[in-house]
Amino acid sequence: MIEKASETFDFASRIQYLRTKHGWTQAQLAERLYTTRGSINNWEQGISIPAMHVIVKIADRFNISLDYLIGRDDRECLYLTNLPEDCKKIIYQTVDCFRRYESFNQE
């Protein structure tokens, strides 16, 4: 049973945000998680919360931390662990470019 509405909202809104950010319908996310569209809808509405093994699967699917998923941390991180080194290098260079652009615009 869900005890605090605010905790439910954090998780519910985070799931919906991530799903729409990826351009997926509830049915598409359900297919990727081997669950039903109704379950996705219930999570997004704060009616229910998935089992822990499903929460881990959701975090893995979106490549995010569990803390971010459940609303304990608002830093959106991208895990690069399983990417080839050449892909990581491109990502690091891109991030560095954005940081330099941002600092240039703040001057």
# chains A, B, ... in the order shown; residues from 1 in each chain; ligands from 1
$ select_by_dssp --residues "chain A" --states "helix (DSSP H, G or I)" --output "ChimeraX atom specification"
/A:5-21,26-33,37-45,52-62,66-69,85-106
$ write_last_selection --atoms "C-alpha atoms" --output "PDB file, in the first residue's frame"
ATOM      1  CA  ALA A   5       1.024  10.724  -1.912  1.00  0.00           C
ATOM      2  CA  SER A   6       4.097  12.908  -2.531  1.00  0.00           C
ATOM      3  CA  GLU A   7       6.353   9.851  -2.923  1.00  0.00           C
ATOM      4  CA  THR A   8       3.846   8.292  -5.284  1.00  0.00           C
ATOM      5  CA  PHE A   9       3.682  11.484  -7.313  1.00  0.00           C
ATOM      6  CA  ASP A  10       7.461  11.626  -7.671  1.00  0.00           C
ATOM      7  CA  PHE A  11       7.607   8.073  -8.979  1.00  0.00           C
ATOM      8  CA  ALA A  12       4.440   8.424 -11.064  1.00  0.00           C
ATOM      9  CA  SER A  13       5.517  11.669 -12.689  1.00  0.00           C
ATOM     10  CA  ARG A  14       9.036  10.370 -13.273  1.00  0.00           C
ATOM     11  CA  ILE A  15       7.761   7.285 -15.118  1.00  0.00           C
ATOM     12  CA  GLN A  16       5.493   9.402 -17.298  1.00  0.00           C
ATOM     13  CA  TYR A  17       8.254  11.939 -17.964  1.00  0.00           C
ATOM     14  CA  LEU A  18      10.730   9.254 -19.005  1.00  0.00           C
ATOM     15  CA  ARG A  19       8.212   7.467 -21.194  1.00  0.00           C
ATOM     16  CA  THR A  20       7.183  10.619 -23.064  1.00  0.00           C
ATOM     17  CA  LYS A  21      10.802  11.792 -23.312  1.00  0.00           C
ATOM     18  CA  GLN A  26       2.083   3.339 -22.521  1.00  0.00           C
ATOM     19  CA  ALA A  27       1.621   0.236 -24.673  1.00  0.00           C
ATOM     20  CA  GLN A  28       5.155   0.502 -26.073  1.00  0.00           C
ATOM     21  CA  LEU A  29       6.693   0.835 -22.610  1.00  0.00           C
ATOM     22  CA  ALA A  30       4.576  -2.065 -21.377  1.00  0.00           C
ATOM     23  CA  GLU A  31       5.886  -4.224 -24.213  1.00  0.00           C
ATOM     24  CA  ARG A  32       9.492  -3.320 -23.379  1.00  0.00           C
ATOM     25  CA  LEU A  33       8.937  -4.202 -19.705  1.00  0.00           C
ATOM     26  CA  ARG A  37      -0.542  -1.040 -20.550  1.00  0.00           C
ATOM     27  CA  GLY A  38      -2.921  -1.004 -17.591  1.00  0.00           C
ATOM     28  CA  SER A  39       0.001  -1.488 -15.197  1.00  0.00           C
ATOM     29  CA  ILE A  40       1.866   1.419 -16.781  1.00  0.00           C
ATOM     30  CA  ASN A  41      -1.241   3.569 -16.495  1.00  0.00           C
ATOM     31  CA  ASN A  42      -1.680   2.625 -12.823  1.00  0.00           C
ATOM     32  CA  TRP A  43       1.947   3.533 -12.078  1.00  0.00           C
ATOM     33  CA  GLU A  44       1.643   6.873 -13.875  1.00  0.00           C
ATOM     34  CA  GLN A  45      -1.603   7.666 -12.050  1.00  0.00           C
ATOM     35  CA  MET A  52      11.188  -3.972  -6.836  1.00  0.00           C
ATOM     36  CA  HIS A  53      12.479  -6.239  -9.623  1.00  0.00           C
ATOM     37  CA  VAL A  54      10.323  -4.267 -12.079  1.00  0.00           C
ATOM     38  CA  ILE A  55      11.579  -0.939 -10.720  1.00  0.00           C
ATOM     39  CA  VAL A  56      15.128  -2.169 -11.347  1.00  0.00           C
ATOM     40  CA  LYS A  57      14.104  -3.206 -14.872  1.00  0.00           C
ATOM     41  CA  ILE A  58      12.613   0.266 -15.485  1.00  0.00           C
ATOM     42  CA  ALA A  59      15.828   1.979 -14.331  1.00  0.00           C
ATOM     43  CA  ASP A  60      17.880  -0.315 -16.555  1.00  0.00           C
ATOM     44  CA  ARG A  61      15.567   0.265 -19.530  1.00  0.00           C
ATOM     45  CA  PHE A  62      15.885   4.046 -19.219  1.00  0.00           C
ATOM     46  CA  LEU A  66      17.164   4.016  -8.985  1.00  0.00           C
ATOM     47  CA  ASP A  67      17.471   7.191  -6.893  1.00  0.00           C
ATOM     48  CA  TYR A  68      16.489   9.311  -9.886  1.00  0.00           C
ATOM     49  CA  LEU A  69      13.615   7.002 -10.766  1.00  0.00           C
ATOM     50  CA  GLU A  85      35.119   3.353 -25.623  1.00  0.00           C
ATOM     51  CA  ASP A  86      34.801   5.246 -28.911  1.00  0.00           C
ATOM     52  CA  CYS A  87      31.147   6.054 -28.137  1.00  0.00           C
ATOM     53  CA  LYS A  88      32.072   7.212 -24.625  1.00  0.00           C
ATOM     54  CA  LYS A  89      34.734   9.504 -26.091  1.00  0.00           C
ATOM     55  CA  ILE A  90      32.186  11.123 -28.413  1.00  0.00           C
ATOM     56  CA  ILE A  91      29.769  11.653 -25.518  1.00  0.00           C
ATOM     57  CA  TYR A  92      32.477  13.193 -23.305  1.00  0.00           C
ATOM     58  CA  GLN A  93      33.523  15.520 -26.132  1.00  0.00           C
ATOM     59  CA  THR A  94      29.913  16.562 -26.729  1.00  0.00           C
ATOM     60  CA  VAL A  95      29.328  17.286 -23.035  1.00  0.00           C
ATOM     61  CA  ASP A  96      32.550  19.281 -22.891  1.00  0.00           C
ATOM     62  CA  CYS A  97      31.428  21.286 -25.909  1.00  0.00           C
ATOM     63  CA  PHE A  98      28.099  22.115 -24.239  1.00  0.00           C
ATOM     64  CA  ARG A  99      29.872  23.142 -21.025  1.00  0.00           C
ATOM     65  CA  ARG A 100      32.204  25.475 -22.931  1.00  0.00           C
ATOM     66  CA  TYR A 101      29.227  26.934 -24.828  1.00  0.00           C
ATOM     67  CA  GLU A 102      27.362  27.490 -21.561  1.00  0.00           C
ATOM     68  CA  SER A 103      30.317  29.191 -19.854  1.00  0.00           C
ATOM     69  CA  PHE A 104      30.899  31.338 -22.970  1.00  0.00           C
ATOM     70  CA  ASN A 105      27.275  32.549 -22.895  1.00  0.00           C
ATOM     71  CA  GLN A 106      27.508  33.413 -19.187  1.00  0.00           C
TER      72      GLN A 106
END
$ atom_distance --atom1 "atom CA of A:Trp24" --atom2 "atom CA of A:Asp74"
21.7 Å
